[in-house]
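Participant: Just so it is clear, I am handing over target_7.txt, which has compact mmCIF, C-alpha atoms and all ligand atoms.
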# COMPACT_ATOMS: atom_id res chain seq x y z
CA MET I 41 -93.97 -67.31 9.46
CA LYS I 42 -93.42 -63.68 10.49
CA THR I 43 -95.22 -62.40 7.42
CA LYS I 44 -98.07 -64.84 7.88
CA ILE I 45 -98.58 -63.66 11.44
CA GLN I 46 -98.44 -59.99 10.49
CA GLU I 47 -100.91 -60.51 7.67
CA GLN I 48 -103.30 -62.42 9.88
CA PHE I 49 -103.09 -59.65 12.48
CA LYS I 50 -103.95 -57.03 9.86
CA LYS I 51 -106.87 -59.09 8.65
CA LEU I 52 -108.32 -59.69 12.12
CA TYR I 53 -107.36 -56.64 14.17
CA GLY I 54 -105.91 -54.00 11.84
CA GLU I 55 -102.62 -52.14 11.47
CA GLY I 56 -99.85 -51.27 13.87
CA ALA I 57 -98.87 -54.50 15.63
CA SER I 58 -95.41 -54.98 17.11
CA LEU I 59 -93.68 -58.27 16.41
CA PHE I 60 -91.69 -60.39 18.86
CA ALA I 61 -90.08 -63.84 18.88
CA SER I 62 -88.70 -66.25 21.42
CA PRO I 63 -87.10 -69.58 20.52
CA GLY I 64 -87.12 -73.22 21.57
CA ARG I 65 -83.93 -74.76 22.91
CA VAL I 66 -81.59 -77.72 22.88
CA ASN I 67 -79.43 -78.91 25.75
CA LEU I 68 -75.90 -79.80 24.64
CA ILE I 69 -74.89 -81.66 27.79
CA GLY I 70 -75.96 -81.88 31.45
CA GLU I 71 -78.98 -84.15 31.77
CA HIS I 72 -80.76 -84.91 35.07
CA THR I 73 -78.38 -82.47 36.71
CA ASP I 74 -80.92 -79.65 37.21
CA TYR I 75 -82.80 -81.10 40.18
CA ASN I 76 -79.45 -82.12 41.67
CA LEU I 77 -78.56 -78.41 41.61
CA GLY I 78 -75.78 -78.91 39.10
CA PHE I 79 -75.15 -77.39 35.66
CA VAL I 80 -76.95 -77.51 32.32
CA LEU I 81 -75.77 -76.21 28.94
CA PRO I 82 -78.73 -75.17 26.77
CA GLY I 83 -78.75 -73.01 23.67
CA ALA I 84 -81.60 -71.19 21.91
CA ILE I 85 -82.42 -72.47 18.42
CA ASP I 86 -83.58 -71.04 15.11
CA LYS I 87 -87.15 -72.19 15.68
CA ALA I 88 -89.41 -69.87 17.60
CA ILE I 89 -92.84 -68.65 18.60
CA TYR I 90 -93.71 -65.34 16.92
CA VAL I 91 -96.15 -62.89 18.48
CA ALA I 92 -97.86 -59.88 16.85
CA ILE I 93 -99.42 -57.71 19.52
CA LYS I 94 -101.06 -54.30 20.02
CA PRO I 95 -102.93 -52.76 22.95
CA ASN I 96 -106.66 -52.34 22.25
CA ASP I 97 -109.28 -49.95 23.63
CA GLY I 98 -111.70 -52.66 24.66
CA LYS I 99 -112.19 -54.54 27.92
CA THR I 100 -110.91 -57.95 26.82
CA CYS I 101 -107.96 -59.50 25.00
CA ARG I 102 -108.57 -60.92 21.54
CA ILE I 103 -106.15 -63.69 20.73
CA HIS I 104 -105.73 -65.81 17.62
CA SER I 105 -103.62 -68.97 17.42
CA LEU I 106 -102.46 -69.34 13.84
CA ASP I 107 -101.38 -72.96 14.21
CA TYR I 108 -104.64 -74.11 15.80
CA ASN I 109 -106.67 -71.67 13.70
CA GLU I 110 -108.67 -70.68 16.78
CA SER I 111 -109.66 -67.28 18.17
CA ILE I 112 -110.69 -66.46 21.71
CA GLU I 113 -111.68 -63.47 23.77
CA MET I 114 -110.18 -63.46 27.21
CA ASP I 115 -110.79 -61.31 30.25
CA ILE I 116 -107.51 -60.53 32.01
CA HIS I 117 -109.12 -61.04 35.41
CA GLY I 118 -111.59 -63.69 34.30
CA GLU I 119 -111.63 -67.49 34.43
CA LYS I 120 -108.84 -69.62 33.03
CA PRO I 121 -109.63 -70.34 29.34
CA ALA I 122 -110.63 -73.80 28.14
CA GLN I 123 -107.94 -74.13 25.46
CA GLN I 124 -104.58 -75.44 26.65
CA TRP I 125 -102.64 -73.04 24.41
CA ALA I 126 -104.51 -70.08 25.91
CA CYS I 127 -103.67 -71.17 29.47
CA TYR I 128 -100.02 -70.32 28.82
CA ILE I 129 -100.96 -66.76 27.86
CA TYR I 130 -103.45 -66.39 30.68
CA GLY I 131 -100.88 -67.79 33.12
CA VAL I 132 -98.16 -65.37 32.02
CA ILE I 133 -100.54 -62.44 32.59
CA GLN I 134 -101.53 -63.68 36.07
CA GLU I 135 -97.90 -64.23 37.06
CA MET I 136 -97.04 -60.72 35.86
CA GLU I 137 -99.86 -59.17 37.83
CA LYS I 138 -98.83 -61.10 40.98
CA ARG I 139 -95.48 -59.36 40.64
CA GLY I 140 -97.01 -55.90 40.27
CA GLY I 141 -97.13 -55.69 36.48
CA LEU I 142 -100.27 -53.99 35.19
CA VAL I 143 -101.43 -55.68 31.97
CA HIS I 144 -104.03 -53.99 29.76
CA PRO I 145 -106.26 -55.51 27.08
CA PHE I 146 -104.50 -56.32 23.80
CA ASP I 147 -104.96 -58.05 20.47
CA MET I 148 -102.56 -60.84 19.59
CA VAL I 149 -101.82 -63.28 16.78
CA PHE I 150 -99.17 -65.90 17.39
CA GLY I 151 -97.71 -69.04 15.86
CA GLY I 152 -94.40 -70.77 15.38
CA ASP I 153 -92.21 -73.54 14.07
CA VAL I 154 -90.94 -75.18 17.27
CA PRO I 155 -92.06 -78.80 16.97
CA LEU I 156 -94.54 -79.59 19.75
CA GLY I 157 -93.60 -82.15 22.36
CA ALA I 158 -90.32 -83.13 20.66
CA GLY I 159 -88.18 -81.98 23.58
CA LEU I 160 -87.42 -78.54 22.14
CA SER I 161 -89.66 -76.78 24.64
CA SER I 162 -92.29 -75.14 22.51
CA SER I 163 -94.15 -74.28 25.72
CA ALA I 164 -91.24 -72.26 27.12
CA ALA I 165 -90.92 -70.53 23.73
CA LEU I 166 -94.59 -69.59 23.96
CA GLU I 167 -94.40 -68.28 27.54
CA SER I 168 -91.21 -66.39 26.83
CA ALA I 169 -92.48 -64.83 23.60
CA VAL I 170 -95.75 -63.76 25.20
CA GLY I 171 -94.04 -62.51 28.37
CA PHE I 172 -91.40 -60.61 26.43
CA ALA I 173 -94.04 -59.05 24.17
CA ILE I 174 -96.41 -57.95 26.94
CA ASN I 175 -93.50 -56.67 29.00
CA SER I 176 -92.32 -54.54 26.07
CA ILE I 177 -95.59 -52.99 24.91
CA PHE I 178 -96.77 -52.08 28.43
CA ASN I 179 -93.30 -51.09 29.72
CA LEU I 180 -93.55 -53.41 32.72
CA ASN I 181 -89.78 -53.41 33.29
CA PHE I 182 -89.39 -57.08 34.16
CA ASP I 183 -85.87 -58.23 33.36
CA ARG I 184 -85.15 -61.45 31.47
CA ALA I 185 -84.56 -63.45 34.64
CA GLN I 186 -87.94 -62.36 36.00
CA LEU I 187 -89.59 -63.26 32.71
CA ALA I 188 -88.02 -66.73 32.93
CA LYS I 189 -89.45 -67.16 36.43
CA ILE I 190 -92.85 -65.94 35.19
CA GLY I 191 -92.76 -68.59 32.46
CA GLN I 192 -91.71 -71.34 34.85
CA MET I 193 -94.44 -70.43 37.34
CA THR I 194 -96.99 -70.35 34.51
CA GLU I 195 -96.21 -74.02 33.89
CA HIS I 196 -96.43 -74.81 37.60
CA ASN I 197 -99.60 -72.89 38.40
CA TYR I 198 -101.63 -72.80 35.18
CA VAL I 199 -100.54 -75.88 33.20
CA GLY I 200 -99.64 -78.32 35.96
CA VAL I 201 -96.08 -79.06 34.83
CA ARG I 202 -93.54 -78.75 37.64
CA CYS I 203 -90.59 -77.92 35.39
CA GLY I 204 -87.23 -76.37 36.22
CA ILE I 205 -86.18 -73.02 34.81
CA MET I 206 -83.70 -74.13 32.13
CA ASP I 207 -86.07 -73.94 29.17
CA GLN I 208 -87.35 -70.44 29.86
CA PHE I 209 -83.84 -69.31 30.71
CA ALA I 210 -82.49 -70.57 27.39
CA SER I 211 -85.34 -69.03 25.42
CA LEU I 212 -84.78 -65.62 27.02
CA PHE I 213 -80.98 -65.49 27.41
CA GLY I 214 -79.84 -67.43 24.35
CA ASP I 215 -77.64 -65.82 21.72
CA THR I 216 -76.19 -66.62 18.32
CA GLY I 217 -73.01 -68.66 18.64
CA LYS I 218 -73.39 -69.01 22.42
CA VAL I 219 -74.64 -71.65 24.80
CA ILE I 220 -75.60 -70.93 28.37
CA ARG I 221 -73.83 -72.59 31.26
CA LEU I 222 -76.55 -72.30 33.87
CA ASP I 223 -75.84 -73.08 37.50
CA CYS I 224 -79.11 -74.55 38.73
CA ARG I 225 -78.20 -73.81 42.35
CA SER I 226 -77.44 -70.08 42.16
CA LEU I 227 -79.03 -69.39 38.74
CA ASP I 228 -75.79 -67.66 37.80
CA TYR I 229 -75.02 -68.17 34.18
CA LYS I 230 -72.17 -67.78 31.78
CA LEU I 231 -72.33 -67.62 28.01
CA GLU I 232 -69.89 -70.07 26.44
CA PRO I 233 -68.85 -69.88 22.78
CA PHE I 234 -70.56 -72.42 20.55
CA ASP I 235 -69.63 -71.89 16.95
CA PRO I 236 -68.41 -75.17 15.51
CA LYS I 237 -67.37 -73.99 12.08
CA GLY I 238 -67.77 -76.73 9.52
CA CYS I 239 -70.19 -78.66 11.74
CA ARG I 240 -73.95 -78.97 11.95
CA VAL I 241 -76.27 -79.93 14.79
CA VAL I 242 -79.08 -82.35 14.05
CA LEU I 243 -81.70 -84.06 16.18
CA PHE I 244 -83.26 -87.42 15.47
CA ASP I 245 -86.67 -87.62 17.04
CA THR I 246 -87.65 -91.21 17.85
CA GLN I 247 -91.26 -90.02 18.20
CA VAL I 248 -91.70 -92.50 21.02
CA LYS I 249 -92.45 -91.72 24.65
CA HIS I 250 -92.33 -94.81 26.85
CA THR I 251 -94.71 -94.68 29.79
CA LEU I 252 -91.88 -95.28 32.26
CA ALA I 253 -90.78 -91.67 31.93
CA SER I 254 -92.65 -90.03 34.80
CA SER I 255 -92.54 -92.88 37.34
CA GLU I 256 -88.84 -93.51 36.76
CA TYR I 257 -88.16 -89.79 37.02
CA ASN I 258 -89.49 -89.84 40.57
CA VAL I 259 -87.47 -92.97 41.36
CA ARG I 260 -84.28 -91.26 40.13
CA ARG I 261 -84.94 -88.21 42.26
CA ALA I 262 -85.44 -90.41 45.32
CA GLN I 263 -82.25 -92.36 44.58
CA CYS I 264 -80.23 -89.17 44.36
CA GLU I 265 -81.69 -88.01 47.67
CA ALA I 266 -80.86 -91.37 49.25
CA GLY I 267 -77.23 -90.95 48.20
CA VAL I 268 -77.10 -87.44 49.64
CA ALA I 269 -78.57 -88.73 52.93
CA VAL I 270 -75.75 -91.29 53.31
CA ILE I 271 -73.03 -88.69 52.73
CA LEU I 272 -74.75 -86.22 55.05
CA LYS I 273 -74.31 -88.66 57.96
CA HIS I 274 -70.56 -88.12 57.65
CA VAL I 275 -70.01 -84.75 56.03
CA GLY I 276 -71.74 -81.57 57.16
CA GLY I 277 -73.33 -78.97 54.88
CA ILE I 278 -74.28 -81.31 52.05
CA GLU I 279 -77.49 -80.15 50.39
CA SER I 280 -77.49 -81.97 47.09
CA LEU I 281 -75.27 -84.06 44.82
CA ARG I 282 -73.74 -80.76 43.74
CA ASP I 283 -71.84 -80.78 47.05
CA VAL I 284 -70.69 -84.40 46.73
CA THR I 285 -67.41 -85.42 45.07
CA MET I 286 -66.55 -88.83 43.61
CA ASP I 287 -64.06 -89.24 46.47
CA MET I 288 -66.78 -88.79 49.05
CA LEU I 289 -69.11 -91.12 47.21
CA ASP I 290 -66.44 -93.82 47.00
CA THR I 291 -65.54 -93.43 50.68
CA TYR I 292 -69.12 -94.26 51.75
CA LYS I 293 -69.97 -96.58 48.89
CA ASP I 294 -70.40 -99.59 51.17
CA GLU I 295 -73.20 -97.90 53.08
CA MET I 296 -75.17 -97.37 49.89
CA ASP I 297 -77.43 -99.50 47.81
CA PRO I 298 -75.37 -100.31 44.66
CA THR I 299 -78.04 -98.79 42.44
CA VAL I 300 -78.00 -95.58 44.45
CA TYR I 301 -74.22 -95.49 44.04
CA ARG I 302 -74.52 -95.84 40.26
CA ARG I 303 -77.13 -93.11 40.00
CA CYS I 304 -75.12 -90.68 42.11
CA SER I 305 -71.88 -91.36 40.31
CA TYR I 306 -73.59 -90.60 37.00
CA VAL I 307 -74.74 -87.20 38.27
CA ILE I 308 -71.36 -86.25 39.72
CA ASN I 309 -69.57 -87.34 36.54
CA GLU I 310 -72.07 -85.55 34.32
CA ASN I 311 -71.44 -82.26 36.12
CA ASN I 312 -67.70 -82.77 35.73
CA ARG I 313 -68.11 -83.70 32.07
CA LEU I 314 -70.11 -80.53 31.49
CA LEU I 315 -67.40 -78.36 33.01
CA GLU I 316 -64.76 -80.14 30.92
CA ALA I 317 -66.96 -79.69 27.86
CA CYS I 318 -67.12 -75.93 28.56
CA ALA I 319 -63.33 -75.78 28.89
CA ALA I 320 -63.13 -77.45 25.47
CA LEU I 321 -65.55 -74.89 23.99
CA GLU I 322 -63.39 -72.07 25.28
CA LYS I 323 -60.49 -73.57 23.34
CA GLY I 324 -62.60 -74.22 20.25
CA ASP I 325 -61.96 -77.95 20.70
CA TYR I 326 -65.09 -79.57 19.35
CA VAL I 327 -63.51 -83.02 19.18
CA THR I 328 -63.22 -83.12 22.97
CA PHE I 329 -66.63 -81.53 23.27
CA GLY I 330 -68.13 -84.33 21.16
CA GLN I 331 -66.42 -86.96 23.30
CA LYS I 332 -68.08 -85.45 26.37
CA MET I 333 -71.44 -85.73 24.63
CA ASN I 334 -70.72 -89.40 23.97
CA GLY I 335 -69.74 -89.90 27.61
CA SER I 336 -72.99 -88.30 28.67
CA HIS I 337 -74.95 -90.81 26.61
CA GLU I 338 -73.04 -93.74 28.01
CA GLY I 339 -73.70 -92.51 31.56
CA LEU I 340 -77.40 -91.93 30.93
CA SER I 341 -77.77 -95.33 29.34
CA LYS I 342 -75.62 -97.56 31.56
CA TRP I 343 -75.38 -95.78 34.90
CA TYR I 344 -78.52 -93.69 35.19
CA GLU I 345 -80.58 -96.07 33.03
CA VAL I 346 -83.00 -93.58 31.53
CA SER I 347 -82.38 -94.40 27.87
CA CYS I 348 -84.36 -96.87 25.76
CA GLU I 349 -83.78 -99.16 22.80
CA GLU I 350 -84.53 -96.50 20.20
CA LEU I 351 -82.25 -93.86 21.74
CA ASP I 352 -79.41 -96.32 22.31
CA PHE I 353 -79.69 -97.48 18.73
CA LEU I 354 -79.47 -93.92 17.39
CA ALA I 355 -76.56 -92.99 19.64
CA GLU I 356 -74.59 -96.19 19.05
CA ILE I 357 -74.86 -96.17 15.27
CA GLY I 358 -74.17 -92.43 15.44
CA HIS I 359 -70.91 -93.11 17.26
CA ARG I 360 -69.88 -95.52 14.49
CA THR I 361 -70.84 -93.36 11.52
CA ASP I 362 -68.40 -91.16 9.58
CA GLY I 363 -68.35 -87.47 10.39
CA VAL I 364 -69.77 -87.63 13.90
CA LEU I 365 -68.18 -85.62 16.71
CA GLY I 366 -70.76 -86.46 19.37
CA ALA I 367 -74.17 -88.07 19.73
CA ARG I 368 -76.32 -88.51 22.78
CA MET I 369 -79.88 -88.71 23.99
CA MET I 370 -81.32 -85.35 24.99
CA GLY I 371 -83.92 -84.68 27.66
CA GLY I 372 -85.37 -86.80 30.42
CA GLY I 373 -85.16 -90.07 28.51
CA PHE I 374 -87.36 -93.08 27.65
CA GLY I 375 -87.98 -91.49 24.25
CA GLY I 376 -87.59 -88.12 22.58
CA CYS I 377 -84.53 -87.09 20.58
CA THR I 378 -80.84 -87.62 20.18
CA ILE I 379 -78.64 -84.61 19.52
CA ASN I 380 -75.75 -85.01 17.12
CA LEU I 381 -72.76 -82.83 16.26
CA VAL I 382 -71.67 -83.72 12.73
CA LYS I 383 -69.06 -82.49 10.25
CA ALA I 384 -70.75 -80.54 7.47
CA GLU I 385 -69.11 -82.50 4.66
CA ALA I 386 -70.42 -85.78 6.07
CA TYR I 387 -73.82 -84.42 7.11
CA ASP I 388 -76.01 -85.68 4.25
CA ASN I 389 -74.60 -89.19 4.42
CA TYR I 390 -74.80 -89.26 8.19
CA VAL I 391 -78.45 -88.30 8.26
CA ALA I 392 -79.37 -90.70 5.46
CA GLU I 393 -77.51 -93.63 6.97
CA ILE I 394 -78.92 -93.27 10.45
CA SER I 395 -82.38 -92.61 9.22
CA ASP I 396 -82.31 -95.72 6.98
CA LYS I 397 -80.98 -97.98 9.70
CA PHE I 398 -83.54 -96.75 12.19
CA GLN I 399 -86.33 -97.21 9.68
CA HIS I 400 -85.11 -100.72 8.95
CA LYS I 401 -85.06 -101.68 12.62
CA PHE I 402 -88.14 -99.89 13.98
CA GLY I 403 -90.31 -99.64 10.86
CA LYS I 404 -90.53 -95.86 10.97
CA ALA I 405 -87.99 -93.18 10.09
CA PRO I 406 -87.02 -90.74 12.84
CA ARG I 407 -88.06 -87.13 12.40
CA ILE I 408 -84.98 -85.10 11.40
CA ILE I 409 -84.66 -81.63 12.89
CA GLU I 410 -81.62 -79.52 12.08
CA VAL I 411 -80.97 -76.68 14.51
CA ASN I 412 -78.71 -73.63 14.61
CA ILE I 413 -77.84 -71.94 17.86
CA SER I 414 -79.53 -68.55 17.65
CA GLN I 415 -80.76 -65.41 19.34
CA GLY I 416 -83.05 -65.47 22.41
CA ALA I 417 -86.23 -63.43 22.90
CA HIS I 418 -86.25 -60.24 20.83
CA ARG I 419 -88.35 -57.63 19.09
CA ILE I 420 -88.47 -57.88 15.31
CA GLU I 421 -88.21 -54.44 13.70
P1 LIG R 501 -92.81 -79.08 24.63
O1 LIG R 501 -91.86 -80.17 25.04
O2 LIG R 501 -92.70 -78.81 23.16
O3 LIG R 501 -92.67 -77.87 25.48
P2 LIG R 501 -95.34 -79.23 25.94
O4 LIG R 501 -96.37 -80.29 26.02
O5 LIG R 501 -94.70 -78.77 27.20
O6 LIG R 501 -94.26 -79.68 24.86
O7 LIG R 501 -96.00 -77.93 25.29
C1 LIG R 501 -96.79 -78.03 24.13
C2 LIG R 501 -98.01 -77.13 24.28
O8 LIG R 501 -97.61 -75.75 24.15
C3 LIG R 501 -99.03 -77.36 23.19
O9 LIG R 501 -99.93 -78.37 23.56
C4 LIG R 501 -99.71 -75.99 23.11
O10 LIG R 501 -100.69 -75.84 24.11
C5 LIG R 501 -98.56 -75.03 23.40
N1 LIG R 501 -97.94 -74.62 22.13
C6 LIG R 501 -96.68 -74.88 21.73
N2 LIG R 501 -96.45 -74.38 20.49
C7 LIG R 501 -97.59 -73.79 20.10
C8 LIG R 501 -98.01 -73.12 18.91
N3 LIG R 501 -97.19 -72.95 17.86
N4 LIG R 501 -99.28 -72.64 18.87
C9 LIG R 501 -100.12 -72.80 19.91
N5 LIG R 501 -99.79 -73.43 21.04
C10 LIG R 501 -98.55 -73.94 21.14
MG MG R 502 -92.89 -77.94 27.60
Can the structure in the file be given as structure tokens, please?
Facilitator:
Amino acid sequence: MKTKIQEQFKKLYGEGASLFASPGRVNLIGEHTDYNLGFVLPGAIDKAIYVAIKPNDGKTCRIHSLDYNESIEMDIHGEKPAQQWACYIYGVIQEMEKRGGLVHPFDMVFGGDVPLGAGLSSSAALESAVGFAINSIFNLNFDRAQLAKIGQMTEHNYVGVRCGIMDQFASLFGDTGKVIRLDCRSLDYKLEPFDPKGCRVVLFDTQVKHTLASSEYNVRRAQCEAGVAVILKHVGGIESLRDVTMDMLDTYKDEMDPTVYRRCSYVINENNRLLEACAALEKGDYVTFGQKMNGSHEGLSKWYEVSCEELDFLAEIGHRTDGVLGARMMGGGFGGCTINLVKAEAYDNYVAEISDKFQHKFGKAPRIIEVNISQGAHRIE
């Protein structure tokens, strides 16, 4: 990929490009906790967007997307481009300029191997790679946290996706053998060790996206807020479910719709599970870590009710198959992937067995994506 991009740059725009990369991400545990101001635990993966870039002497940027095989010319202060992929680049530039960064015309070739729309956040990889690259060649001095914000705001203001900051954060701050415990309230983060020797991480992509996803997402947010409102009547200073304990929730359970209670208890338990999972990582205890992943799936499926038949099938047969340490749905739900932590010696059998059973039941094999926890945004020498 790197070589392809460099060669394409030479062919189109000549010598002397600098090369940068920023990866996609997985989230090990902590789902639907971000908007409740809790914790998430993402890690950067060994699939990335690569950018070759060089300032030019012209008045416009010349940009080539290798994967779409399309070239555009773009004026930094001009209209938003027509191509979706170019909006991410345009948006990053605008967000940098809003913050006082002066961007000059450049030539760029980019491409990558983060699967699109599979829940690995190819869009955050793109924003982060482009932001990191522009920041470096024009010495804009944005730090990684600012670049994450620039990426997030690009999605909000130029793509129309009101995402949180986890994906950009993971792409920029990730590191080999480390996952990021991100506090979505303070944006403080801590790198936790993630180096399960003798294990592999694999995703099964159902390749389905049930239409419930966005409407139910809003319903869940409202249910969490309804729970907070009940507690707030009795306890001062409560801003989100982050401030609510299971004891508090149980004390005022009778004042709550039973569904609201179930939703809130999932969120509180998921935050606790994540912290326990981190404690296990610090001890190198991947058995306990895997059990927390399993608990997360159970909560998402039975208490938060954002799973679906395909995801439940993958997780449940995963839990019963030899070599598994943990298996759970990843992402918002109603489709997408499961993430599985599997012993290396059982890996081939595990993947084959689950894939076969899924194919048998749903008529189509899941897409198999193995990932390694890897380095965040960086320059390639
Ligand atoms: P994801 O969950 O993977 O982030 P999104 O729909 O948010 O899915 O982002 C996918 C979009 O990001 C694509 O439609 C495209 O515009 C852009 N993108 C991602 N990867 C690439 C790539 N390799 N080349 C060009 N554009 C890309
Ligand atoms: Mg995205």
Participant: Can you work out which one of I:Asp207, I:Asp294, I:Glu71, I:Asp183 has the shortest atom-to-atom distance to ligand LIG 501 (chain R), counting all atoms listed in the file?
Facilitator: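 Selected residue with least distance to ligand LIG 501 (chain R): I:Asp207.
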Participant: If we count all atoms listed in the file, what is near I:Val259 at a cut-off of 12 Å, once residues fewer than 6 positions away on the same chain are taken out, given as a PDB file with C-alpha atoms, in the frame of the given file?
Facilitator:
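Okay, selection-v2.pdb is ready:
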ATOM      1  CA  LEU I 252     -91.880 -95.280  32.260  1.00  0.00           C
ATOM      2  CA  ALA I 253     -90.780 -91.670  31.930  1.00  0.00           C
ATOM      3  CA  GLU I 265     -81.690 -88.010  47.670  1.00  0.00           C
ATOM      4  CA  ALA I 266     -80.860 -91.370  49.250  1.00  0.00           C
ATOM      5  CA  THR I 299     -78.040 -98.790  42.440  1.00  0.00           C
ATOM      6  CA  VAL I 300     -78.000 -95.580  44.450  1.00  0.00           C
ATOM      7  CA  ARG I 303     -77.130 -93.110  40.000  1.00  0.00           C
ATOM      8  CA  TYR I 344     -78.520 -93.690  35.190  1.00  0.00           C
ATOM      9  CA  GLU I 345     -80.580 -96.070  33.030  1.00  0.00           C
ATOM     10  CA  VAL I 346     -83.000 -93.580  31.530  1.00  0.00           C
TER      11      VAL I 346
END
Participant: Distance limit 9 Å, reference ligand LIG 501 (chain R), atoms considered: only C-alpha atoms and all ligand atoms. Which residues make the cut? Give them as a count of residues only.
Facilitator: 36
Participant: So, with only C-alpha atoms and all ligand atoms as the atoms that count, which of I:Gln247, I:Ser211, I:Thr100, I:Ser58 lies closest to ligand MG 502 (chain R)?
Facilitator: I:Ser211
Participant: What is the distance between atom CA of I:Tyr326 and atom CA of I:Pro236, in Å to one decimal?
Facilitator: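 Spanning atom CA of I:Tyr326 to atom CA of I:Pro236 is a straight-line distance of 6.7 Å.
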Participant: Please list as JSON, numbers by chain every residue within 6 Å of stretch 72-87 of chain I, counting only C-alpha atoms and excluding residues in the same chain fewer than 4 positions away.
Facilitator: {"I": [63, 64, 65, 66, 67, 68, 153, 154, 210, 211, 214, 219, 220, 221, 222, 223, 224, 225, 280, 281, 282, 411, 412, 413, 414, 416]}
Participant: Using all atoms listed in the file for the distances, tell me which of I:Thr291, I:Glu232, I:Met333, I:Gly376 is nearest to I:Ala319.
Facilitator: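 Among I:Thr291, I:Glu232, I:Met333, I:Gly376, it is I:Glu232 that comes nearest to I:Ala319.
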Participant: Closest to ligand MG 502 (chain R) among I:Arg302, I:Arg240, I:His196, I:Lys404, using only C-alpha atoms and all ligand atoms?
Facilitator: I:His196
Participant: Could you check how far atom CA of I:Val268 sits from atom CA of I:Tyr229, in Å to one decimal?
Facilitator: 24.8 Å
Participant: Which polymer residues have any atom within 10 Å of an atom of I:Ala185, counting only C-alpha atoms, with same-chain residues fewer than 5 positions away left out, as an mmCIF file with C-alpha atoms, in the frame of the given file?
Facilitator:
data_model
loop_
_atom_site.group_PDB
_atom_site.id
_atom_site.type_symbol
_atom_site.label_atom_id
_atom_site.label_comp_id
_atom_site.auth_asym_id
_atom_site.auth_seq_id
_atom_site.Cartn_x
_atom_site.Cartn_y
_atom_site.Cartn_z
ATOM 1 C CA ILE I 190 -92.850 -65.940 35.190
ATOM 2 C CA GLY I 191 -92.760 -68.590 32.460
ATOM 3 C CA ILE I 205 -86.180 -73.020 34.810
ATOM 4 C CA GLN I 208 -87.350 -70.440 29.860
ATOM 5 C CA PHE I 209 -83.840 -69.310 30.710
ATOM 6 C CA LEU I 212 -84.780 -65.620 27.020
ATOM 7 C CA PHE I 213 -80.980 -65.490 27.410
ATOM 8 C CA LEU I 227 -79.030 -69.390 38.740
#
Participant: From the options I:Gly324, I:Ser336, I:Glu295, I:Glu256, which residue's atoms come nearest to I:Lys237, counting all atoms listed in the file?
Facilitator: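 Among the listed residues, I:Gly324 lies closest to I:Lys237.
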Participant: Out of I:Ala262, I:Leu59, I:Phe172, I:Glu47, which residue has the shortest atom-to-atom distance to I:Ile420 when counting only C-alpha atoms?
Facilitator: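 Among I:Ala262, I:Leu59, I:Phe172, I:Glu47, it is I:Leu59 that comes nearest to I:Ile420.
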Participant: Quick one: pull the distance between atom CA of I:Val91 and atom CA of I:Cys377, Å, one decimal.
Facilitator: 26.9 Å
Participant: Which neighbours of I:Ser395 fall inside 9 Å, counting only C-alpha atoms, when residues of the same chain fewer than 2 positions from it are skipped, and could you give them as a VMD selection string?
Facilitator: chain I and resid 244 354 390 to 393 397 to 400 404 to 408
Participant: Report as lines of an AutoDock Vina configuration file the centre and the edge lengths, in Å to one decimal, of the axis-aligned box holding every listed atom of stretch 257-263 of chain I, padded by 3 Å on each side.
Facilitator:
center_x = -85.9
center_y = -90.6
center_z = 41.2
size_x = 13.2
size_y = 10.8
size_z = 14.3
Participant: Would you be able to write out as number ranges by chain which residues have an atom within 10 Å of (-67.5, -81.6, 6.7) in the file's coordinates, counting all atoms listed in the file?
Facilitator: I: 237-240, 363-364, 382-388
Participant: Please return, as a list in words, all polymer residues that have at least one atom within 7 Å of the point (-110.4, -56.3, 17.2); use only C-alpha atoms and the file's own coordinate frame.
Facilitator: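 Final list of nearby residues, as requested, is Leu52, Tyr53, Arg102 and Asp147 of chain I.
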Participant: For I:Phe234, list every protein, DNA or RNA residue within 7 Å, evaluated using all atoms listed in the file, and leave out those in the same chain fewer than 5 positions away; present the list as a PyMOL selection string.
Facilitator: chain I and resi 217-219+321
Participant: Give me stretch 334-340 of chain I with N, CA and C atoms filled in, as an mmCIF file, keeping the file's coordinate frame.
Facilitator:
data_model
loop_
_atom_site.group_PDB
_atom_site.id
_atom_site.type_symbol
_atom_site.label_atom_id
_atom_site.label_comp_id
_atom_site.auth_asym_id
_atom_site.auth_seq_id
_atom_site.Cartn_x
_atom_site.Cartn_y
_atom_site.Cartn_z
ATOM 1 N N ASN I 334 -70.654 -87.938 24.011
ATOM 2 C CA ASN I 334 -70.720 -89.400 23.970
ATOM 3 C C ASN I 334 -70.689 -89.998 25.375
ATOM 4 N N GLY I 335 -69.827 -89.429 26.226
ATOM 5 C CA GLY I 335 -69.740 -89.900 27.610
ATOM 6 C C GLY I 335 -71.047 -89.695 28.351
ATOM 7 N N SER I 336 -71.702 -88.587 28.058
ATOM 8 C CA SER I 336 -72.990 -88.300 28.670
ATOM 9 C C SER I 336 -74.007 -89.390 28.285
ATOM 10 N N HIS I 337 -74.010 -89.767 27.014
ATOM 11 C CA HIS I 337 -74.950 -90.810 26.610
ATOM 12 C C HIS I 337 -74.678 -92.129 27.317
ATOM 13 N N GLU I 338 -73.436 -92.482 27.348
ATOM 14 C CA GLU I 338 -73.040 -93.740 28.010
ATOM 15 C C GLU I 338 -73.506 -93.742 29.476
ATOM 16 N N GLY I 339 -73.281 -92.620 30.153
ATOM 17 C CA GLY I 339 -73.700 -92.510 31.560
ATOM 18 C C GLY I 339 -75.214 -92.617 31.716
ATOM 19 N N LEU I 340 -75.934 -91.914 30.846
ATOM 20 C CA LEU I 340 -77.400 -91.930 30.930
ATOM 21 C C LEU I 340 -77.954 -93.322 30.652
#
